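*Asks:* Have a look at this one before I ask anything.
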Amino acid sequence: MSSTTGRIFKATTFGESHGGGLGVVVDGCPPRLPLSVEEIQRDLDRRRPGQSQLTTARTEQDKVEVLSGLFEGYTVGSPVAMLVRNLDARSQDYQHMREIYRPSHADFTTEAKYGIRNWQGGGRASARETIGRVAAGAVARKMLSVLANTEVLGWVSRVHNIQLDPFSDLNYSLKQVESSPTRCPDSAAAAEMGEAISEAKQAGDSLGGVVTCVARNVPAGLGEPVFDKLEADLAKATLSLPAAKGFEIGSGFGAVSLTGSQHNDEFVSDADGAIRTATNHSGGVQGGISNGETILLRVAFKPTATIASAQKSVTRQGEAATLEAKGRHDPCVVPRAVPLVEAMVCLVLADHWLRQRTVDVLEGLPPS
C-alpha cells in the first residue's frame, strides 16, 4: 500500500482514524527554512473536526507534535516527522458495520483488494488520513512562500445547487474565506449554503460541492511537457483526496463551448516588459508547464457517503441488510476540504519547484 507522494519533496502519511494517531514524514525539504510549529498548527486547525454545526461532532484538538527535522525554528534538512494523536475515537459506533458494506464507501473494494479491512471508521480510507497531508502541505506552503513568494488559497464556490460565478472574483483573501463556517467568501451565497447544509443534516442526508483554488505568483517553467504535466500532477494529487470526484483547470469543461479564437490566451507585455497573457483560460498552465499566470483549478466533491438515514446494503456473506450509521460525520465535506485542496496544491508546486532547480543548474553548463 503506497502512502508516498512527490519526487524530491516527498510526503509519506501514516495512521488510521481509530488508531493511536496519524502523521506524516516529509523528506526533501531544504535546510535553513524558517518554520514554526504554530504555522503547521494553523492549517491543521482549519482542517480539524468540530469547528461548527456544519461539521462532524467528533471533538479532536489535532495538536501536532514535531518529532524531528526542526531545530531552533529552522528546518535542518533531515526528514520532518509530525504526529497527531487520536483522542475522541468511538470505535463502538462502528461495531454494527463490521459485517455490512457501507454504500459508496471503500469497505467492499478494500476487502476485495487486501482480503482484510479495518472496519473502525474506515482505516486508511478515512478522511482523518488527510491530517498528514495538511501538515506536510503547511511545510510546502512555507517553502513556496519564502523561496518563490507563492500564495495558495482555496474557497468553497459551490454547495449542491448554490454556486458562485467561477470567474467572477479570484482576488479573495484568507480573511474573507474564513469569515464564514462554509468557507465561501461571498456572504450572501455563504448564508444560503449554510442553510442548505443544515437542512440536509436535519434530514439525515448530505450534500456535495466544489472547492476553487488559486496559486498566485507561481514562477513560469514548473512542470513537464509529457507525462508529468503540471495540471496532470495537480489533478492526481487533488483527486486522491477522499470524496473527490472531479477536477478542472482554467476554463475546464467550459472550454468546449468556446471557439479557438475565443479561448486562446494572447501574449502581451506589461508595463515592466514582462510577458503575460491577456486572458487566463489556460488556468496558468500551457503545454504542461506553468506560464507565470495565476493557477486556477476546481475540485468537485461528492455528497458525504455516510448519512444518518437508513440505506440498503449487503453483508460480507451477500445477505440483504439495512444500515443505519451511528458515527459522527460531516453533512457536507467541502468546508473542511478547502485546506486539503490547498495542501495538495502546495505539495505538487513545492516538488516541481525543486525539480526545476535541477534544470536551472544545467542551464549554466556549456553546450555539448
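Identifiers in the C-alpha cells: chain A, B, ... in order shown; residue index from 1 per chain; ligand index from 1 in order shown.
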Determine which residues of range 50-297 of chain A receive a DSSP assignment of strand (DSSP E), computed from the backbone, and state them as a VMD selection string.
*Replies:* chain A and resid 64 to 68 70 to 71 74 to 75 80 to 85 151 to 159 162 to 163 209 to 216 244 to 249 267 to 269 275 to 277 285 to 286 289 to 290 295 to 297
*Asks:* At a cut-off of 7 Å, using only C-alpha atoms, what residues contact range 328-341 of chain A? Leave out same-chain residues fewer than 4 positions from it and give the result as a ChimeraX atom specification.
*Replies:* /A:43,46-47,54-58,130,134,154-156,181-183,197,200-201,205-211,238,301,303-304,306,345
*Asks:* Can I get the selection written as a compact mmCIF listing (two decimals), in the first residue's frame, with N, CA and C atoms?
*Replies:*
# COMPACT_ATOMS: atom_id res chain seq x y z
N ASP A 43 -2.80 25.48 9.87
CA ASP A 43 -3.50 24.76 8.81
C ASP A 43 -4.28 23.57 9.35
N ARG A 46 -7.65 24.53 10.68
CA ARG A 46 -8.66 24.76 9.65
C ARG A 46 -9.25 23.44 9.15
N ARG A 47 -8.53 22.34 9.35
CA ARG A 47 -9.00 21.03 8.91
C ARG A 47 -9.75 20.26 9.98
N LEU A 54 -21.87 22.84 11.16
CA LEU A 54 -21.91 22.31 9.80
C LEU A 54 -20.96 21.14 9.61
N THR A 55 -20.19 20.78 10.63
CA THR A 55 -19.21 19.71 10.51
C THR A 55 -19.51 18.59 11.50
N THR A 56 -18.71 17.52 11.42
CA THR A 56 -18.86 16.41 12.34
C THR A 56 -18.71 16.85 13.79
N ALA A 57 -19.40 16.16 14.69
CA ALA A 57 -19.33 16.50 16.11
C ALA A 57 -18.14 15.86 16.81
N ARG A 58 -17.33 15.10 16.08
CA ARG A 58 -16.15 14.50 16.70
C ARG A 58 -15.26 15.61 17.23
N THR A 130 -6.05 12.61 6.07
CA THR A 130 -5.60 13.89 5.48
C THR A 130 -4.88 14.79 6.48
N VAL A 134 -2.20 17.67 5.32
CA VAL A 134 -2.27 19.09 5.67
C VAL A 134 -1.01 19.54 6.40
N GLY A 154 -7.69 28.56 -1.21
CA GLY A 154 -8.89 27.91 -1.71
C GLY A 154 -10.13 28.44 -1.02
N TRP A 155 -11.30 28.16 -1.63
CA TRP A 155 -12.58 28.54 -1.02
C TRP A 155 -13.69 27.66 -1.59
N VAL A 156 -14.80 27.65 -0.91
CA VAL A 156 -15.96 26.90 -1.38
C VAL A 156 -16.70 27.76 -2.40
N PRO A 181 -18.33 29.81 8.32
CA PRO A 181 -18.01 28.38 8.52
C PRO A 181 -18.13 27.57 7.24
N THR A 182 -18.81 28.11 6.23
CA THR A 182 -18.89 27.41 4.95
C THR A 182 -17.61 27.56 4.14
N ARG A 183 -16.79 28.54 4.49
CA ARG A 183 -15.58 28.94 3.75
C ARG A 183 -15.92 29.41 2.34
N ILE A 197 -26.89 23.13 4.03
CA ILE A 197 -26.16 22.07 4.74
C ILE A 197 -26.92 21.68 6.02
N ALA A 200 -29.95 19.57 5.14
CA ALA A 200 -29.56 18.22 4.78
C ALA A 200 -29.22 17.41 6.02
N LYS A 201 -28.52 18.03 6.96
CA LYS A 201 -28.14 17.36 8.20
C LYS A 201 -29.38 16.94 8.99
N ASP A 205 -29.34 13.53 5.62
CA ASP A 205 -28.76 13.38 4.29
C ASP A 205 -27.47 14.20 4.20
N SER A 206 -26.91 14.31 3.01
CA SER A 206 -25.65 15.04 2.83
C SER A 206 -25.64 15.73 1.47
N LEU A 207 -24.69 16.66 1.31
CA LEU A 207 -24.56 17.43 0.08
C LEU A 207 -23.12 17.41 -0.41
N GLY A 208 -22.95 17.62 -1.70
CA GLY A 208 -21.62 17.75 -2.29
C GLY A 208 -21.34 19.20 -2.64
N GLY A 209 -20.19 19.44 -3.26
CA GLY A 209 -19.85 20.82 -3.62
C GLY A 209 -18.52 20.91 -4.35
N VAL A 210 -18.07 22.12 -4.55
CA VAL A 210 -16.85 22.40 -5.31
C VAL A 210 -15.94 23.33 -4.51
N VAL A 211 -14.66 23.02 -4.51
CA VAL A 211 -13.64 23.90 -3.93
C VAL A 211 -12.84 24.50 -5.08
N THR A 238 -5.11 16.15 -6.20
CA THR A 238 -6.39 16.56 -5.61
C THR A 238 -7.44 15.46 -5.72
N PHE A 301 -16.48 17.55 -5.07
CA PHE A 301 -16.59 16.53 -4.03
C PHE A 301 -18.02 16.00 -3.99
N PRO A 303 -21.41 14.08 -2.36
CA PRO A 303 -22.06 14.14 -1.05
C PRO A 303 -21.42 13.11 -0.12
N THR A 304 -21.31 13.44 1.15
CA THR A 304 -20.73 12.53 2.13
C THR A 304 -21.42 11.17 2.06
N THR A 306 -21.48 8.61 4.21
CA THR A 306 -22.16 8.19 5.43
C THR A 306 -23.26 9.18 5.78
N VAL A 345 -2.13 21.09 -3.49
CA VAL A 345 -1.57 22.02 -4.47
C VAL A 345 -0.18 22.47 -4.03
*Asks:* With distances taken over only C-alpha atoms, which residue among A:His105, A:Gly318, A:Gln202, A:Ser251 lies nearest Thr279 in chain A?
*Replies:*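 Of A:His105, A:Gly318, A:Gln202, A:Ser251, the one nearest Thr279 in chain A is A:Ser251, counting only C-alpha atoms.
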*Asks:* So which one's closest to Leu296 in chain A, A:Leu153, A:Leu241, A:Ile249, A:Met1? Using only C-alpha atoms, please.
*Replies:* A:Ile249
*Asks:* Any idea what the distance is between CA of Ser17 in chain A and CA of Glu129 in chain A?
*Replies:* 6.9 Å
*Asks:* May I ask for the distance between CA of Glu151 in chain A and CA of Ser269 in chain A, given in Å to one decimal place?
*Replies:*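 That distance, rounded to one decimal, is 23.2 Å.
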*Asks:* Kindly give the distance, in Å, that separates CA of Leu83 in chain A and CA of Lys245 in chain A, rounded to a single decimal.
*Replies:*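 Value for the CA of Leu83 in chain A-CA of Lys245 in chain A distance: 28.4 Å.
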*Asks:* Out of range 131-273 of chain A, which residues get alpha helix (DSSP H) from DSSP, as a PyMOL selection string?
*Replies:* chain A and resi 131-148+174-177+187-202+230-239+260-263
*Asks:* Find the spatial neighbours of Val80 in chain A, counting only C-alpha atoms, within a cut-off of 8 Å - ignore same-chain residues fewer than 6 positions away - and output them as number ranges by chain.
*Replies:* A: 25-27, 29, 66-70
